[in-house]
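Novice: Input file: input.csv. Contents: CSV, C-alpha atoms and all ligand atoms.
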```csv
chain,number,residue,atom,x,y,z
A,1,MET,CA,-26.8,-8.6,-7.3
A,2,GLN,CA,-24.4,-5.8,-6.2
A,3,ARG,CA,-22.7,-8.4,-4.2
A,4,ARG,CA,-21.9,-10.4,-7.4
A,5,ALA,CA,-20.6,-7.2,-9.0
A,6,PHE,CA,-18.4,-6.5,-6.1
A,7,LEU,CA,-17.0,-10.0,-5.9
A,8,GLY,CA,-16.5,-9.9,-9.6
A,9,LEU,CA,-14.1,-6.9,-9.1
A,10,VAL,CA,-12.4,-8.6,-6.2
A,11,LEU,CA,-11.9,-11.8,-8.2
A,12,GLY,CA,-11.0,-9.8,-11.3
A,13,SER,CA,-13.7,-11.3,-13.5
A,14,ALA,CA,-16.5,-9.5,-15.4
A,15,VAL,CA,-19.8,-10.3,-13.7
A,16,SER,CA,-20.6,-6.6,-13.0
A,17,ALA,CA,-23.0,-6.4,-15.9
A,18,VAL,CA,-25.9,-7.4,-13.6
A,19,ALA,CA,-25.2,-4.8,-11.0
A,20,ASN,CA,-27.7,-2.5,-9.3
A,21,VAL,CA,-30.7,-4.9,-9.2
A,22,LYS,CA,-32.0,-4.6,-5.7
A,23,SER,CA,-35.1,-6.0,-4.0
A,24,PRO,CA,-37.3,-3.2,-2.9
A,25,GLU,CA,-37.4,-4.1,0.8
A,26,ASP,CA,-33.6,-4.2,1.1
A,27,THR,CA,-32.4,-0.9,2.7
A,28,SER,CA,-28.8,-1.9,2.9
A,29,VAL,CA,-26.2,0.6,1.8
A,30,TRP,CA,-23.5,-0.8,-0.5
A,31,MET,CA,-20.1,0.6,-1.2
A,32,ALA,CA,-20.3,2.9,-4.2
A,33,ASP,CA,-18.9,1.3,-7.4
A,34,SER,CA,-16.6,4.3,-7.8
A,35,ASP,CA,-15.0,3.6,-4.4
A,36,ILE,CA,-14.3,-0.1,-4.9
A,37,PRO,CA,-10.9,0.2,-6.5
A,38,VAL,CA,-9.5,2.6,-3.8
A,39,PHE,CA,-11.2,0.5,-1.1
A,40,LEU,CA,-9.4,-2.7,-2.3
A,41,SER,CA,-6.0,-1.0,-2.6
A,42,VAL,CA,-6.3,0.5,0.9
A,43,CYS,CA,-7.2,-3.0,2.2
A,44,ASP,CA,-4.1,-4.5,0.7
A,45,LYS,CA,-1.8,-1.7,1.9
A,46,ILE,CA,-3.1,-2.0,5.5
A,47,GLU,CA,-2.6,-5.8,5.4
A,48,ASN,CA,1.0,-5.2,4.1
A,49,VAL,CA,1.7,-2.8,7.0
A,50,LYS,CA,0.4,-5.5,9.4
A,51,GLN,CA,2.8,-8.1,8.0
A,52,ILE,CA,5.7,-5.7,8.4
A,53,VAL,CA,5.0,-4.5,12.0
A,54,GLY,CA,3.6,-7.8,13.3
A,55,PHE,CA,0.2,-8.7,14.7
A,56,GLY,CA,0.9,-7.4,18.2
A,57,ASN,CA,2.3,-4.0,17.3
A,58,PHE,CA,-0.5,-3.6,14.7
A,59,ASN,CA,-3.1,-3.7,17.4
A,60,ILE,CA,-2.0,-0.3,18.7
A,61,ILE,CA,-0.5,1.3,15.6
A,62,SER,CA,-1.6,4.9,14.9
A,63,PHE,CA,-2.9,6.1,11.5
A,64,ASP,CA,0.1,8.4,11.0
A,65,GLU,CA,2.6,5.6,11.8
A,66,THR,CA,0.8,3.4,9.4
A,67,LEU,CA,1.3,5.9,6.6
A,68,LYS,CA,5.0,6.3,7.6
A,69,VAL,CA,5.6,2.6,7.6
A,70,ALA,CA,4.1,2.2,4.2
A,71,ALA,CA,6.2,5.0,2.8
A,72,ARG,CA,9.4,3.9,4.5
A,73,TYR,CA,9.7,0.3,3.5
A,74,SER,CA,10.9,-0.3,0.0
A,75,GLN,CA,8.8,-3.5,-0.4
A,76,LEU,CA,5.6,-1.5,0.4
A,77,ASP,CA,3.8,1.1,-1.6
A,78,ALA,CA,3.0,4.4,0.1
A,79,PHE,CA,-0.7,5.4,0.5
A,80,SER,CA,-1.7,7.8,-2.2
A,81,ALA,CA,-3.6,11.1,-1.5
A,82,LYS,CA,-6.8,9.5,-2.8
A,83,GLU,CA,-6.4,6.5,-0.5
A,84,VAL,CA,-5.8,8.7,2.6
A,85,GLU,CA,-8.8,10.8,1.6
A,86,PHE,CA,-10.9,7.6,1.4
A,87,MET,CA,-9.8,6.4,4.8
A,88,GLU,CA,-10.6,9.8,6.3
A,89,LYS,CA,-14.1,9.7,4.7
A,90,MET,CA,-14.7,6.2,6.2
A,91,PHE,CA,-13.5,7.4,9.6
A,92,TYR,CA,-15.4,10.7,9.8
A,93,GLU,CA,-18.7,9.7,8.1
A,94,ASP,CA,-21.9,9.2,10.1
A,95,PRO,CA,-22.6,5.5,10.4
A,96,SER,CA,-26.3,5.9,11.3
A,97,GLN,CA,-26.8,5.7,7.6
A,98,TYR,CA,-25.8,2.1,8.0
A,99,GLY,CA,-28.1,1.5,11.0
A,100,PHE,CA,-25.2,1.8,13.5
A,101,TYR,CA,-26.1,4.1,16.4
A,102,GLY,CA,-23.2,3.5,18.9
A,103,LYS,CA,-21.3,6.3,20.6
A,104,LYS,CA,-18.3,7.8,19.0
A,105,THR,CA,-15.2,6.7,21.0
A,106,VAL,CA,-12.4,8.3,19.0
A,107,ASP,CA,-12.5,11.9,17.8
A,108,SER,CA,-9.4,12.1,15.6
A,109,ILE,CA,-8.2,9.6,13.0
A,110,SER,CA,-4.7,10.5,14.3
A,111,ALA,CA,-5.4,9.4,17.8
A,112,ILE,CA,-2.4,7.8,19.5
A,113,ILE,CA,-2.3,4.9,21.9
A,114,LYS,CA,0.7,5.6,24.2
A,115,GLU,CA,2.9,2.5,24.8
A,116,GLU,CA,3.2,3.5,28.5
A,117,ASP,CA,-0.6,3.3,28.8
A,118,VAL,CA,-1.0,-0.3,27.7
A,119,PHE,CA,0.1,-3.7,28.9
A,120,LYS,CA,0.8,-6.7,26.7
A,121,VAL,CA,-1.0,-9.7,27.9
A,122,HIS,CA,1.4,-12.6,27.8
A,123,GLY,CA,0.9,-15.2,25.1
A,124,THR,CA,-2.0,-13.4,23.3
A,125,GLY,CA,-0.5,-10.6,21.2
A,126,HIS,CA,-3.2,-8.3,22.7
A,127,TYR,CA,-3.0,-5.3,24.9
A,128,LEU,CA,-5.1,-3.9,27.8
A,129,PHE,CA,-5.1,-0.4,29.2
A,130,HIS,CA,-3.4,-0.1,32.6
A,131,GLY,CA,-5.8,0.6,35.4
A,132,HIS,CA,-9.4,-0.4,35.3
A,133,SER,CA,-9.3,-2.6,32.1
A,134,LYS,CA,-6.3,-4.6,33.2
A,135,ASP,CA,-7.5,-4.9,36.8
A,136,SER,CA,-10.9,-6.1,35.7
A,137,PHE,CA,-9.5,-8.6,33.3
A,138,GLU,CA,-7.2,-10.1,36.0
A,139,ARG,CA,-10.2,-10.3,38.4
A,140,VAL,CA,-12.3,-12.0,35.7
A,141,ILE,CA,-9.6,-14.7,35.1
A,142,LYS,CA,-9.4,-15.2,38.9
A,143,ASP,CA,-13.1,-15.6,39.3
A,144,VAL,CA,-14.0,-17.6,36.1
A,145,GLY,CA,-10.8,-19.6,35.8
A,146,ASP,CA,-8.0,-19.8,33.3
A,147,SER,CA,-10.0,-21.7,30.7
A,148,LEU,CA,-11.0,-18.1,29.8
A,149,TYR,CA,-8.6,-16.0,27.8
A,150,LEU,CA,-8.3,-12.6,26.1
A,151,THR,CA,-9.3,-12.8,22.4
A,152,SER,CA,-9.1,-9.1,21.6
A,153,GLY,CA,-8.0,-6.1,23.7
A,154,VAL,CA,-7.0,-2.5,22.8
A,155,ARG,CA,-7.5,-1.6,19.1
A,156,SER,CA,-6.2,1.4,17.4
A,157,VAL,CA,-8.1,3.3,14.7
A,158,VAL,CA,-6.2,1.4,12.0
A,159,LYS,CA,-6.7,-2.0,13.7
A,160,GLN,CA,-10.5,-1.3,13.8
A,161,MET,CA,-10.4,-0.1,10.2
A,162,ASN,CA,-8.6,-3.3,9.2
A,163,LEU,CA,-11.3,-5.4,10.8
A,164,TYR,CA,-14.2,-3.2,9.5
A,165,PHE,CA,-12.8,-3.2,6.0
A,166,ASN,CA,-12.3,-7.0,6.0
A,167,LYS,CA,-15.9,-7.4,7.2
A,168,ILE,CA,-17.1,-5.2,4.3
A,169,LYS,CA,-15.1,-7.3,2.0
A,170,SER,CA,-16.6,-10.5,3.4
A,171,THR,CA,-20.2,-9.1,2.9
A,172,GLY,CA,-19.4,-8.4,-0.7
A,173,GLY,CA,-19.6,-4.6,-0.1
A,174,ASN,CA,-22.7,-4.4,2.1
A,175,ILE,CA,-21.7,-1.8,4.6
A,176,THR,CA,-24.9,-2.0,6.5
A,177,GLU,CA,-24.4,-5.7,7.1
A,178,ALA,CA,-20.8,-5.1,8.1
A,179,ALA,CA,-21.6,-2.3,10.6
A,180,HIS,CA,-24.1,-4.7,12.3
A,181,SER,CA,-21.3,-7.0,13.3
A,182,LEU,CA,-18.4,-4.6,13.7
A,183,ALA,CA,-18.2,-1.1,14.9
A,184,PRO,CA,-16.9,1.5,12.4
A,185,PRO,CA,-13.3,2.7,13.1
A,186,ALA,CA,-14.3,5.8,15.2
A,187,TYR,CA,-16.8,3.9,17.3
A,188,SER,CA,-15.1,0.9,18.9
A,189,TYR,CA,-15.1,0.6,22.6
A,190,HIS,CA,-11.9,-1.5,22.2
A,191,SER,CA,-10.2,1.8,21.6
A,192,ILE,CA,-11.1,3.0,25.1
A,193,GLY,CA,-11.1,-0.1,27.4
A,194,ASP,CA,-13.5,-2.9,26.5
A,195,PHE,CA,-12.1,-6.3,25.6
A,196,ASP,CA,-13.3,-9.7,24.3
A,197,VAL,CA,-12.8,-13.0,26.0
A,198,GLY,CA,-13.2,-16.6,24.9
A,199,LYS,CA,-12.9,-20.2,26.0
A,200,LYS,CA,-9.6,-21.8,25.4
A,201,GLY,CA,-9.7,-24.3,22.5
A,202,TRP,CA,-12.9,-22.8,21.0
A,203,GLY,CA,-11.3,-20.8,18.2
A,204,TYR,CA,-13.7,-18.9,16.0
A,205,LYS,CA,-16.7,-20.2,18.0
A,206,ASN,CA,-15.7,-17.7,20.6
A,207,PHE,CA,-17.1,-15.0,18.3
A,208,THR,CA,-20.5,-16.7,17.7
A,209,VAL,CA,-23.6,-16.9,19.9
A,210,SER,CA,-22.4,-20.4,20.9
A,211,PHE,CA,-20.1,-18.7,23.4
A,212,ALA,CA,-23.3,-17.9,25.4
A,213,THR,CA,-23.7,-21.7,26.0
A,214,THR,CA,-20.4,-22.1,27.8
A,215,ARG,CA,-19.9,-22.4,31.5
A,216,GLU,CA,-17.4,-19.5,31.2
A,217,PHE,CA,-20.1,-17.2,29.9
A,218,TRP,CA,-22.5,-18.0,32.7
A,219,ARG,CA,-19.8,-17.4,35.3
A,220,LEU,CA,-19.1,-14.0,33.6
A,221,ARG,CA,-22.8,-13.1,33.9
A,222,GLN,CA,-22.7,-13.6,37.6
A,223,LEU,CA,-19.9,-11.0,38.1
A,224,SER,CA,-21.2,-7.7,39.3
A,225,TYR,CA,-18.2,-5.6,38.3
A,226,ILE,CA,-18.5,-6.2,34.6
A,227,SER,CA,-21.4,-6.3,32.1
A,228,MET,CA,-22.2,-7.1,28.5
A,229,ARG,CA,-21.8,-4.3,26.0
A,230,TYR,CA,-23.9,-5.7,23.1
A,231,THR,CA,-26.9,-7.4,24.6
A,232,ILE,CA,-29.8,-8.9,22.4
A,233,ASN,CA,-31.6,-6.1,20.6
A,234,ASN,CA,-29.2,-3.4,21.9
A,235,GLN,CA,-29.8,0.3,21.0
A,236,ASP,CA,-26.4,0.5,19.1
A,237,GLY,CA,-27.7,-1.7,16.3
A,238,VAL,CA,-24.9,-4.2,16.9
A,239,ARG,CA,-25.5,-8.0,16.9
A,240,PHE,CA,-25.6,-9.9,20.2
A,241,GLU,CA,-22.0,-10.3,21.4
A,242,PRO,CA,-21.8,-12.4,24.5
A,243,TRP,CA,-18.0,-12.4,24.4
A,244,HIS,CA,-17.6,-8.6,24.5
A,245,VAL,CA,-17.0,-7.3,28.1
A,246,LYS,CA,-18.1,-3.8,28.9
A,247,ILE,CA,-15.6,-1.9,31.0
A,248,VAL,CA,-16.0,1.8,30.1
B,1,ZN,ZN,-15.4,-6.8,21.2
```
Since I need it in another form, could you write the structure as structure tokens?
Ligand SMILES: [Zn+2]
Specialist:
Amino acid sequence: MQRRAFLGLVLGSAVSAVANVKSPEDTSVWMADSDIPVFLSVCDKIENVKQIVGFGNFNIISFDETLKVAARYSQLDAFSAKEVEFMEKMFYEDPSQYGFYGKKTVDSISAIIKEEDVFKVHGTGHYLFHGHSKDSFERVIKDVGDSLYLTSGVRSVVKQMNLYFNKIKSTGGNITEAAHSLAPPAYSYHSIGDFDVGKKGWGYKNFTVSFATTREFWRLRQLSYISMRYTINNQDGVRFEPWHVKIV
């Protein structure tokens, strides 16, 4: 029922009267009602920054730069102190309360991805770190074939926050459900070297278990120099992700 209340706010209608009715076995943590307005305005402002800087640049934009861009462009609204505080809270909180047990990969919300450390993969809008990540990716393409491509590479804190917040939105405010399919902003291995691959022409199916039925996936499994980050029933509490290549 909380989902309906949340969607009601999103849609601007008034269905919130039936909020807070939960089945006893449901241990999901939902976004607090008091946080919903600030959450939604933060989502919009991050999306606006993405539109301004472009999809590629947004993959590696820092938190501080995001705030600056929002403040600098007249067509955007700067983030308020309350919105910054909310983003900090969501970054620094302990996600084990949502059933997520992965390792922290980024210590500071202001972490920077240096341009000289990354390489833009032609035709994808995505980046890889120079060195081990880039070398492994190129070796994978050589071994599996060019029907395989990069579907997501380096992600900054803000990029991961954007994906995580959109996931929370799509679950109607169920943070537990969101954290099962997307690492919280301080916990993504994309921020330190992992990447996602997919089969050309498969679109969104590349991010479903169907990817595990492709020839490309089975070829990947035979390569000794890479492995799968999120296997079935992994200890991190993340869903099975056959497309996510473990590098770090
Ligand atoms: Zn991934």
Novice: For CA of Phe217 in chain A and CA of Asn234 in chain A, determine how far apart the two atoms are, in Å to one decimal place.
Specialist: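 Here the two named atoms are 18.4 Å from each other.
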Novice: What gap, in Å, lies between CA of Ser96 in chain A and CA of Ile46 in chain A?
Specialist: 25.2 Å
Novice: Looking at A:Trp243, A:Phe137, A:Phe91, A:Tyr204, which one is nearest to ligand ZN 1 (chain B), with distances taken over only C-alpha atoms and all ligand atoms?
Specialist: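 For ligand ZN 1 (chain B), the nearest of the candidates is A:Trp243.
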Novice: Can you measure CA of His122 in chain A to CA of Phe207 in chain A for me? One decimal in Å is fine.
Specialist: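 Pair CA of His122 in chain A / CA of Phe207 in chain A returns 20.9 Å.
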Novice: Find the residues of chain A that sit at most 7 Å from ligand ZN 1 (chain B); for each, write down the nearest two atoms and how far apart they are in Å, to one decimal. Count only C-alpha atoms and all ligand atoms. Sort by chain, then by number going up, and give it as JSON lines.
Specialist:
```
{"residue": "A:Ser152", "atom": "CA", "partner": "B:ZN1", "partner_atom": "ZN", "distance": 6.7}
{"residue": "A:His190", "atom": "CA", "partner": "B:ZN1", "partner_atom": "ZN", "distance": 6.4}
{"residue": "A:Asp194", "atom": "CA", "partner": "B:ZN1", "partner_atom": "ZN", "distance": 6.8}
{"residue": "A:Phe195", "atom": "CA", "partner": "B:ZN1", "partner_atom": "ZN", "distance": 5.5}
{"residue": "A:Asp196", "atom": "CA", "partner": "B:ZN1", "partner_atom": "ZN", "distance": 4.7}
{"residue": "A:Trp243", "atom": "CA", "partner": "B:ZN1", "partner_atom": "ZN", "distance": 7.0}
{"residue": "A:His244", "atom": "CA", "partner": "B:ZN1", "partner_atom": "ZN", "distance": 4.4}
```
Novice: Between A:Tyr92, A:Trp202, A:Phe100, A:Phe79, which one has atoms that come closest to Leu148 in chain A, using all atoms listed in the file?
Specialist: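 Of A:Tyr92, A:Trp202, A:Phe100, A:Phe79, the one nearest Leu148 in chain A, counting all atoms listed in the file, is A:Trp202.
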Novice: Could you tell me which of A:Ala78, A:Ile61, A:Ala70, A:Val245 comes closest to Val197 in chain A if we count only C-alpha atoms?
Specialist: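 Once distances to Val197 in chain A are computed over only C-alpha atoms, the minimum belongs to A:Val245.
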Novice: With distances taken over only C-alpha atoms, which of A:Gly193, A:Gly172, A:Pro185, A:Gly99 is nearest to Asp135 in chain A?
Specialist: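 Nearest to Asp135 in chain A: A:Gly193.
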Novice: Name the residues within 10 Å of (-7.9, -5.3, 18.5), counting all atoms listed in the file in the file's coordinates, and put them as a PyMOL selection string.
Specialist: chain A and resi 55-56+58-60+125-128+151-160+162-163+188+190-191+195-196
Novice: Have a look at A:Val69, A:Val238, A:Ile226, A:Ile36 and name the one nearest to Ser136 in chain A; count only C-alpha atoms.
Specialist: A:Ile226
Novice: Which is closest to Ile141 in chain A among A:Val42, A:Lys199, A:Val49, A:Thr213, if we use only C-alpha atoms?
Specialist: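 Using only C-alpha atoms, the shortest distance to Ile141 in chain A belongs to A:Lys199.
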